[in-house]
$ cat run.pdb   # PDB, C-alpha atoms
ATOM      1  CA  MET A1339      72.538 110.740  89.027
ATOM      2  CA  ARG A1340      76.125 109.781  89.888
ATOM      3  CA  ALA A1341      77.151 107.317  92.561
ATOM      4  CA  LEU A1342      80.426 106.405  94.212
ATOM      5  CA  ILE A1343      81.124 103.176  96.068
ATOM      6  CA  HIS A1344      83.834 103.929  98.630
ATOM      7  CA  PHE A1345      86.016 101.242 100.149
ATOM      8  CA  PRO A1346      88.348 102.387 102.957
ATOM      9  CA  ILE A1347      91.270 100.104 102.293
ATOM     10  CA  ILE A1348      94.087  98.329 104.067
ATOM     11  CA  HIS A1349      97.342  98.658 102.146
ATOM     12  CA  SER A1350      99.303  95.494 101.477
ATOM     13  CA  PRO A1351     103.114  95.341 101.575
ATOM     14  CA  GLN A1352     103.125  95.494  97.756
ATOM     15  CA  ASP A1353     101.065  98.702  97.856
ATOM     16  CA  LEU A1354     103.626 100.318 100.163
ATOM     17  CA  GLY A1355     106.464  99.870  97.684
ATOM     18  CA  SER A1356     109.768 101.104  99.096
ATOM     19  CA  PHE A1357     108.195 101.625 102.544
ATOM     20  CA  SER A1358     107.219  97.980 102.921
ATOM     21  CA  ASP A1359     110.395  96.976 104.783
ATOM     22  CA  ALA A1360     110.130  99.892 107.210
ATOM     23  CA  SER A1361     106.507  99.034 107.874
ATOM     24  CA  ARG A1362     107.345  95.362 108.450
ATOM     25  CA  ALA A1363     110.099  96.317 110.908
ATOM     26  CA  LEU A1364     107.453  97.899 113.165
ATOM     27  CA  ARG A1365     105.685  94.545 113.674
ATOM     28  CA  THR A1366     106.651  91.326 115.391
ATOM     29  CA  PRO A1367     106.578  88.188 113.212
ATOM     30  CA  GLU A1368     103.269  87.212 114.799
ATOM     31  CA  GLN A1369     101.803  90.668 114.109
ATOM     32  CA  GLU A1370     103.102  90.450 110.530
ATOM     33  CA  ASN A1371     101.284  87.126 110.009
ATOM     34  CA  HIS A1372      98.042  88.581 111.422
ATOM     35  CA  TYR A1373      98.417  91.644 109.199
ATOM     36  CA  LEU A1374      98.998  89.580 106.031
ATOM     37  CA  THR A1375      96.020  87.344 106.840
ATOM     38  CA  ALA A1376      93.821  90.399 107.484
ATOM     39  CA  VAL A1377      94.893  91.999 104.188
ATOM     40  CA  ASN A1378      94.033  88.872 102.188
ATOM     41  CA  GLU A1379      90.696  88.390 103.944
ATOM     42  CA  PHE A1380      89.870  92.086 103.479
ATOM     43  CA  TRP A1381      90.401  91.946  99.712
ATOM     44  CA  ASP A1382      88.290  88.780  99.480
ATOM     45  CA  VAL A1383      85.432  90.683 101.172
ATOM     46  CA  VAL A1384      85.870  93.687  98.857
ATOM     47  CA  SER A1385      85.873  91.485  95.731
ATOM     48  CA  THR A1386      82.760  89.628  96.878
ATOM     49  CA  THR A1387      81.019  92.884  97.771
ATOM     50  CA  ILE A1388      81.718  94.437  94.369
ATOM     51  CA  ALA A1389      80.502  91.300  92.586
ATOM     52  CA  SER A1390      77.241  91.458  94.584
ATOM     53  CA  PHE A1391      76.403  94.840  92.998
ATOM     54  CA  ASN A1392      76.084  93.224  89.515
ATOM     55  CA  LEU A1393      77.439  96.373  87.863
ATOM     56  CA  ASP A1394      77.595  97.188  84.182
ATOM     57  CA  TYR A1395      81.351  97.747  84.180
ATOM     58  CA  LYS A1396      81.213  99.807  80.982
ATOM     59  CA  THR A1397      79.726 102.612  83.116
ATOM     60  CA  VAL A1398      82.141 102.178  86.048
ATOM     61  CA  LYS A1399      85.174 104.346  86.751
ATOM     62  CA  LEU A1400      87.884 103.140  89.144
ATOM     63  CA  TYR A1401      89.642 105.608  91.454
ATOM     64  CA  GLN A1402      92.660 104.399  93.434
ATOM     65  CA  ASP A1403      94.617 105.858  96.339
ATOM     66  CA  GLY A1404      98.114 106.722  95.115
ATOM     67  CA  LEU A1405      97.375 106.327  91.377
ATOM     68  CA  PRO A1406      98.548 109.546  89.709
ATOM     69  CA  VAL A1407      96.938 111.285  86.773
ATOM     70  CA  CYS A1408      99.731 110.604  84.287
ATOM     71  CA  GLY A1409      98.547 108.753  81.195
ATOM     72  CA  LYS A1410     100.276 105.547  82.374
ATOM     73  CA  GLU A1411      97.656 104.355  84.830
ATOM     74  CA  SER A1412      97.245 100.933  83.161
ATOM     75  CA  GLU A1413     100.979 100.298  83.231
ATOM     76  CA  ILE A1414     101.230 101.278  86.900
ATOM     77  CA  VAL A1415      98.298  99.044  87.825
ATOM     78  CA  ALA A1416      99.810  96.121  85.884
ATOM     79  CA  GLU A1417     103.199  96.568  87.561
ATOM     80  CA  VAL A1418     101.801  96.670  91.093
ATOM     81  CA  ALA A1419      99.384  93.802  90.334
ATOM     82  CA  ASN A1420     102.326  91.726  89.103
ATOM     83  CA  SER A1421     104.111  92.408  92.409
ATOM     84  CA  GLY A1422     101.258  90.579  94.169
ATOM     85  CA  SER A1423      98.962  93.414  95.324
ATOM     86  CA  GLU A1424      95.420  92.094  95.761
ATOM     87  CA  ASN A1425      94.141  95.683  95.458
ATOM     88  CA  PHE A1426      95.776  96.186  92.073
ATOM     89  CA  LYS A1427      94.857  92.676  90.877
ATOM     90  CA  LEU A1428      91.235  93.629  91.571
ATOM     91  CA  LEU A1429      91.642  96.917  89.680
ATOM     92  CA  GLN A1430      93.118  95.008  86.759
ATOM     93  CA  ALA A1431      90.295  92.430  86.775
ATOM     94  CA  LEU A1432      87.611  95.129  86.884
ATOM     95  CA  ASN A1433      89.351  96.999  84.072
ATOM     96  CA  GLN A1434      89.409  93.805  81.983
ATOM     97  CA  GLN A1435      85.638  93.542  82.519
ATOM     98  CA  GLY A1436      85.169  97.027  81.058
ATOM     99  CA  ALA A1437      85.633  99.440  83.978
ATOM    100  CA  THR A1438      87.783 102.507  83.284
ATOM    101  CA  LEU A1439      90.938 103.158  85.309
ATOM    102  CA  MET A1440      91.152 106.788  86.343
ATOM    103  CA  GLY A1441      94.238 108.629  87.438
ATOM    104  CA  THR A1442      93.127 109.822  90.841
ATOM    105  CA  GLU A1443      95.885 111.863  92.459
ATOM    106  CA  LEU A1444      98.177 114.756  91.635
ATOM    107  CA  ALA A1445     101.689 113.352  91.217
ATOM    108  CA  ASP A1446     103.349 116.312  92.986
ATOM    109  CA  LEU A1447     101.310 115.673  96.138
ATOM    110  CA  LEU A1448     102.303 112.009  96.095
ATOM    111  CA  VAL A1449     105.970 112.997  95.785
ATOM    112  CA  ASN A1450     105.558 115.390  98.725
ATOM    113  CA  GLU A1451     103.977 112.645 100.816
ATOM    114  CA  HIS A1452     106.749 110.217  99.846
ATOM    115  CA  ASP A1453     109.369 112.774 100.944
ATOM    116  CA  LEU A1454     107.525 113.422 104.195
ATOM    117  CA  MET A1455     107.312 109.698 104.967
ATOM    118  CA  LEU A1456     110.962 109.186 104.087
ATOM    119  CA  HIS A1457     112.072 111.970 106.403
ATOM    120  CA  THR A1458     109.721 110.782 109.132
ATOM    121  CA  LEU A1459     111.188 107.297 108.982
ATOM    122  CA  LYS A1460     114.660 108.783 109.279
ATOM    123  CA  ALA A1461     113.415 110.861 112.229
ATOM    124  CA  GLU A1462     114.852 114.060 110.807
ATOM    125  CA  LYS A1463     112.278 116.467 112.162
ATOM    126  CA  SER A1464     113.885 119.552 110.665
ATOM    127  CA  ALA A1465     113.967 117.929 107.229
ATOM    128  CA  ILE A1466     110.211 117.296 107.408
ATOM    129  CA  LYS A1467     109.544 121.007 107.534
ATOM    130  CA  ASN A1468     111.873 121.643 104.596
ATOM    131  CA  ALA A1469     110.357 118.827 102.520
ATOM    132  CA  THR A1470     106.797 120.163 102.290
ATOM    133  CA  ASN A1471     106.118 122.891 104.855
ATOM    134  CA  LEU A1472     103.063 120.787 105.676
ATOM    135  CA  ASN A1473     102.394 118.178 108.292
ATOM    136  CA  GLY A1474     101.016 114.784 107.327
ATOM    137  CA  GLN A1475      97.375 115.643 108.074
ATOM    138  CA  ASP A1476      97.526 118.887 106.069
ATOM    139  CA  LEU A1477      98.950 117.005 103.112
ATOM    140  CA  LEU A1478      96.292 114.294 103.433
ATOM    141  CA  ASP A1479      93.568 116.972 103.465
ATOM    142  CA  ILE A1480      94.975 118.569 100.302
ATOM    143  CA  ARG A1481      95.133 115.173  98.613
ATOM    144  CA  ASP A1482      91.520 114.498  99.620
ATOM    145  CA  GLU A1483      90.431 117.846  98.152
ATOM    146  CA  TYR A1484      92.143 116.999  94.872
ATOM    147  CA  ILE A1485      90.654 113.485  94.781
ATOM    148  CA  ALA A1486      87.147 114.878  95.383
ATOM    149  CA  GLN A1487      87.628 117.452  92.603
ATOM    150  CA  ARG A1488      88.954 114.779  90.249
ATOM    151  CA  ILE A1489      85.925 112.573  90.914
ATOM    152  CA  ASP A1490      83.573 115.532  90.457
ATOM    153  CA  GLN A1491      85.184 116.433  87.115
ATOM    154  CA  THR A1492      85.297 112.915  85.678
ATOM    155  CA  LEU A1493      82.292 111.008  87.076
ATOM    156  CA  LEU A1494      79.381 111.734  84.750
ATOM    157  CA  ASP A1495      75.628 111.307  85.114
ATOM    158  CA  ASN A1496      74.525 107.672  85.051
ATOM    159  CA  GLU A1497      78.017 106.486  85.960
ATOM    160  CA  MET A1498      79.211 104.597  88.986
ATOM    161  CA  GLY A1499      82.603 105.159  90.540
ATOM    162  CA  ILE A1500      84.480 102.802  92.822
ATOM    163  CA  LEU A1501      86.980 104.504  95.118
ATOM    164  CA  PHE A1502      89.695 102.579  96.935
ATOM    165  CA  LEU A1503      91.147 104.955  99.513
ATOM    166  CA  GLY A1504      93.202 104.384 102.666
ATOM    167  CA  PHE A1505      91.150 104.536 105.842
ATOM    168  CA  MET A1506      92.981 107.632 107.126
ATOM    169  CA  HIS A1507      91.476 109.739 104.318
ATOM    170  CA  ASN A1508      88.321 111.775 104.836
ATOM    171  CA  ILE A1509      86.704 112.148 101.431
ATOM    172  CA  GLU A1510      83.061 112.164 102.548
ATOM    173  CA  THR A1511      82.787 115.868 103.374
ATOM    174  CA  LYS A1512      84.666 116.974 100.267
ATOM    175  CA  LEU A1513      82.517 115.294  97.622
ATOM    176  CA  PRO A1514      79.784 117.282  95.841
ATOM    177  CA  SER A1515      76.303 116.706  97.262
ATOM    178  CA  ASP A1516      74.956 115.338  93.949
ATOM    179  CA  ILE A1517      77.164 112.247  94.210
ATOM    180  CA  LEU A1518      75.444 109.418  96.066
ATOM    181  CA  LEU A1519      78.072 107.951  98.397
ATOM    182  CA  ILE A1520      77.776 104.220  99.087
ATOM    183  CA  GLN A1521      79.956 102.736 101.841
ATOM    184  CA  PRO A1522      79.176  99.009 101.894
ATOM    185  CA  LEU A1523      81.788  98.289 104.562
ATOM    186  CA  GLY A1524      80.843 101.355 106.610
ATOM    187  CA  LYS A1525      82.913 104.361 107.518
ATOM    188  CA  PRO A1526      86.145 103.567 109.319
ATOM    189  CA  THR A1527      86.460 104.756 112.892
ATOM    190  CA  PHE A1528      89.809 105.143 114.596
TER
END
$ encode --input "run.pdb" --output "structure tokens"
Amino acid sequence: MRALIHFPIIHSPQDLGSFSDASRALRTPEQENHYLTAVNEFWDVVSTTIASFNLDYKTVKLYQDGLPVCGKESEIVAEVANSGSENFKLLQALNQQGATLMGTELADLLVNEHDLMLHTLKAEKSAIKNATNLNGQDLLDIRDEYIAQRIDQTLLDNEMGILFLGFMHNIETKLPSDILLIQPLGKPTF
């Protein structure tokens, strides 16, 4: 049997990288404070929830939204953790306890999404079409398909996966039926 613990996540400013400033500009200072408090409280809940499973981390694989399959996963996680990301600090801590970091996404799809977001922020609607020929939801669906395939190919019998994936993703219907999906925080509704 294989199992996957899925956490629909809230991205922190550090997780957003170069889009952090643009994201912050959309909120009032009061909204920004509420957001930062919510992010910190969220990651405290996730950490506590994972600890409550009492997992044998040597059999755990970690899958992360936005982490490309590239051979430099540990370096990427360390860099983002050092920037202050609670998400990536947790990945790093779990890895240090024996869990295996897994590249989760196809780099080309992440580049396409980055280009789409960049053009969207600049409000150049014609450039969006030239950047990917896909709208944001189509690209998200393709990413979800790839993530589900990656999990299927790398999560072996008697292993547990932990998936940290933004709440706009819809991975549930794309996973193989032999993977037991555990959603301790529930499925996000929006």
$ residues_around --input "run.pdb" --residues "range 1395-1412 of chain A" --least-positions-apart "2" --cutoff "9 Å" --atoms "only C-alpha atoms" --output "ChimeraX atom specification"
/A:1347,1353,1392-1393,1414-1417,1426,1429-1430,1432-1433,1435-1446,1448,1485,1489,1492-1493,1496-1504
$ closest_residue --input "run.pdb" --among "A:Trp1381, A:Tyr1373, A:Phe1345, A:Phe1391" --to "His1507 in chain A" --atoms "only C-alpha atoms"
A:Phe1345
$ atom_distance --input "run.pdb" --atom1 "CA of Asp1482 in chain A" --atom2 "CA of Ile1509 in chain A"
5.7 Å
$ atom_distance --input "run.pdb" --atom1 "CA of Met1339 in chain A" --atom2 "CA of Ser1385 in chain A"
24.4 Å
$ closest_residue --input "run.pdb" --among "A:Val1384, A:Ala1486, A:Val1418, A:Leu1364" --to "Pro1346 in chain A" --atoms "only C-alpha atoms"
A:Val1384
$ closest_residue --input "run.pdb" --among "A:Ser1350, A:Thr1366, A:Asn1420, A:Thr1511" --to "Asn1378 in chain A" --atoms "only C-alpha atoms"
A:Ser1350
$ resolve_selection --input "run.pdb" --expression "the PyMOL selection byres ((chain A and resi 1352) around 8)" --output "list in words"
His1349, Ser1350, Pro1351, Asp1353, Leu1354, Gly1355, Ser1358, Val1418, Ser1421, Gly1422 and Ser1423 of chain A
$ residues_around --input "run.pdb" --residues "Leu1478 in chain A" --least-positions-apart "4" --cutoff "9 Å" --atoms "only C-alpha atoms" --output "PyMOL selection string"
chain A and resi 1447+1451+1473-1474+1482-1483+1506-1508
$ atom_distance --input "run.pdb" --atom1 "CA of Gln1487 in chain A" --atom2 "CA of Lys1512 in chain A"
8.2 Å
$ axis_aligned_box --input "run.pdb" --around "range 1413-1424 of chain A" --padding-each-side "8 Å" --output "lines of an AutoDock Vina configuration file"
center_x = 99.8
center_y = 95.9
center_z = 89.5
size_x = 24.7
size_y = 26.7
size_z = 28.5
$ closest_residue --input "run.pdb" --among "A:Asp1479, A:Asp1516, A:Glu1424, A:Asp1490" --to "Phe1380 in chain A" --atoms "only C-alpha atoms"
A:Glu1424
$ build_atoms --input "run.pdb" --residues "range 1424-1450 of chain A" --atoms "N, CA and C atoms" --output "PDB file, in the coordinates of the input"
ATOM      1  N   GLU A1424      96.812  92.505  95.978  1.00  0.00           N
ATOM      2  CA  GLU A1424      95.420  92.094  95.761  1.00  0.00           C
ATOM      3  C   GLU A1424      94.577  93.275  95.313  1.00  0.00           C
ATOM      4  N   ASN A1425      94.828  94.454  95.841  1.00  0.00           N
ATOM      5  CA  ASN A1425      94.141  95.683  95.458  1.00  0.00           C
ATOM      6  C   ASN A1425      94.298  95.927  93.952  1.00  0.00           C
ATOM      7  N   PHE A1426      95.521  95.878  93.471  1.00  0.00           N
ATOM      8  CA  PHE A1426      95.776  96.186  92.073  1.00  0.00           C
ATOM      9  C   PHE A1426      95.376  95.030  91.151  1.00  0.00           C
ATOM     10  N   LYS A1427      95.398  93.794  91.653  1.00  0.00           N
ATOM     11  CA  LYS A1427      94.857  92.676  90.877  1.00  0.00           C
ATOM     12  C   LYS A1427      93.356  92.874  90.656  1.00  0.00           C
ATOM     13  N   LEU A1428      92.663  93.363  91.694  1.00  0.00           N
ATOM     14  CA  LEU A1428      91.235  93.629  91.571  1.00  0.00           C
ATOM     15  C   LEU A1428      90.988  94.760  90.574  1.00  0.00           C
ATOM     16  N   LEU A1429      91.769  95.826  90.659  1.00  0.00           N
ATOM     17  CA  LEU A1429      91.642  96.917  89.680  1.00  0.00           C
ATOM     18  C   LEU A1429      91.812  96.381  88.260  1.00  0.00           C
ATOM     19  N   GLN A1430      92.823  95.564  88.072  1.00  0.00           N
ATOM     20  CA  GLN A1430      93.118  95.008  86.759  1.00  0.00           C
ATOM     21  C   GLN A1430      91.955  94.131  86.269  1.00  0.00           C
ATOM     22  N   ALA A1431      91.411  93.310  87.142  1.00  0.00           N
ATOM     23  CA  ALA A1431      90.295  92.430  86.775  1.00  0.00           C
ATOM     24  C   ALA A1431      89.054  93.248  86.405  1.00  0.00           C
ATOM     25  N   LEU A1432      88.768  94.285  87.183  1.00  0.00           N
ATOM     26  CA  LEU A1432      87.611  95.129  86.884  1.00  0.00           C
ATOM     27  C   LEU A1432      87.804  95.873  85.568  1.00  0.00           C
ATOM     28  N   ASN A1433      89.025  96.330  85.323  1.00  0.00           N
ATOM     29  CA  ASN A1433      89.351  96.999  84.072  1.00  0.00           C
ATOM     30  C   ASN A1433      89.163  96.039  82.893  1.00  0.00           C
ATOM     31  N   GLN A1434      89.563  94.800  83.048  1.00  0.00           N
ATOM     32  CA  GLN A1434      89.409  93.805  81.983  1.00  0.00           C
ATOM     33  C   GLN A1434      87.941  93.479  81.714  1.00  0.00           C
ATOM     34  N   GLN A1435      87.077  93.753  82.702  1.00  0.00           N
ATOM     35  CA  GLN A1435      85.638  93.542  82.519  1.00  0.00           C
ATOM     36  C   GLN A1435      84.952  94.771  81.936  1.00  0.00           C
ATOM     37  N   GLY A1436      85.727  95.846  81.703  1.00  0.00           N
ATOM     38  CA  GLY A1436      85.169  97.027  81.058  1.00  0.00           C
ATOM     39  C   GLY A1436      85.212  98.308  81.866  1.00  0.00           C
ATOM     40  N   ALA A1437      85.544  98.230  83.154  1.00  0.00           N
ATOM     41  CA  ALA A1437      85.633  99.440  83.978  1.00  0.00           C
ATOM     42  C   ALA A1437      86.841 100.276  83.529  1.00  0.00           C
ATOM     43  N   THR A1438      86.746 101.573  83.720  1.00  0.00           N
ATOM     44  CA  THR A1438      87.783 102.507  83.284  1.00  0.00           C
ATOM     45  C   THR A1438      88.668 102.911  84.455  1.00  0.00           C
ATOM     46  N   LEU A1439      89.975 102.699  84.309  1.00  0.00           N
ATOM     47  CA  LEU A1439      90.938 103.158  85.309  1.00  0.00           C
ATOM     48  C   LEU A1439      91.076 104.670  85.206  1.00  0.00           C
ATOM     49  N   MET A1440      91.027 105.334  86.330  1.00  0.00           N
ATOM     50  CA  MET A1440      91.152 106.788  86.343  1.00  0.00           C
ATOM     51  C   MET A1440      92.372 107.189  87.176  1.00  0.00           C
ATOM     52  N   GLY A1441      93.226 108.006  86.602  1.00  0.00           N
ATOM     53  CA  GLY A1441      94.238 108.629  87.438  1.00  0.00           C
ATOM     54  C   GLY A1441      93.492 109.417  88.499  1.00  0.00           C
ATOM     55  N   THR A1442      93.916 109.304  89.731  1.00  0.00           N
ATOM     56  CA  THR A1442      93.127 109.822  90.841  1.00  0.00           C
ATOM     57  C   THR A1442      93.829 110.937  91.604  1.00  0.00           C
ATOM     58  N   GLU A1443      95.153 110.928  91.608  1.00  0.00           N
ATOM     59  CA  GLU A1443      95.885 111.863  92.459  1.00  0.00           C
ATOM     60  C   GLU A1443      96.868 112.707  91.657  1.00  0.00           C
ATOM     61  N   LEU A1444      97.187 113.856  92.207  1.00  0.00           N
ATOM     62  CA  LEU A1444      98.177 114.756  91.635  1.00  0.00           C
ATOM     63  C   LEU A1444      99.564 114.228  92.003  1.00  0.00           C
ATOM     64  N   ALA A1445     100.374 113.964  90.998  1.00  0.00           N
ATOM     65  CA  ALA A1445     101.689 113.352  91.217  1.00  0.00           C
ATOM     66  C   ALA A1445     102.550 114.158  92.189  1.00  0.00           C
ATOM     67  N   ASP A1446     102.533 115.482  92.097  1.00  0.00           N
ATOM     68  CA  ASP A1446     103.349 116.312  92.986  1.00  0.00           C
ATOM     69  C   ASP A1446     103.000 116.097  94.458  1.00  0.00           C
ATOM     70  N   LEU A1447     101.718 115.920  94.752  1.00  0.00           N
ATOM     71  CA  LEU A1447     101.310 115.673  96.138  1.00  0.00           C
ATOM     72  C   LEU A1447     101.794 114.309  96.616  1.00  0.00           C
ATOM     73  N   LEU A1448     101.794 113.333  95.734  1.00  0.00           N
ATOM     74  CA  LEU A1448     102.303 112.009  96.095  1.00  0.00           C
ATOM     75  C   LEU A1448     103.804 112.058  96.357  1.00  0.00           C
ATOM     76  N   VAL A1449     104.523 112.834  95.566  1.00  0.00           N
ATOM     77  CA  VAL A1449     105.970 112.997  95.785  1.00  0.00           C
ATOM     78  C   VAL A1449     106.210 113.676  97.129  1.00  0.00           C
ATOM     79  N   ASN A1450     105.413 114.702  97.433  1.00  0.00           N
ATOM     80  CA  ASN A1450     105.558 115.390  98.725  1.00  0.00           C
ATOM     81  C   ASN A1450     105.299 114.432  99.883  1.00  0.00           C
TER      82      ASN A1450
END
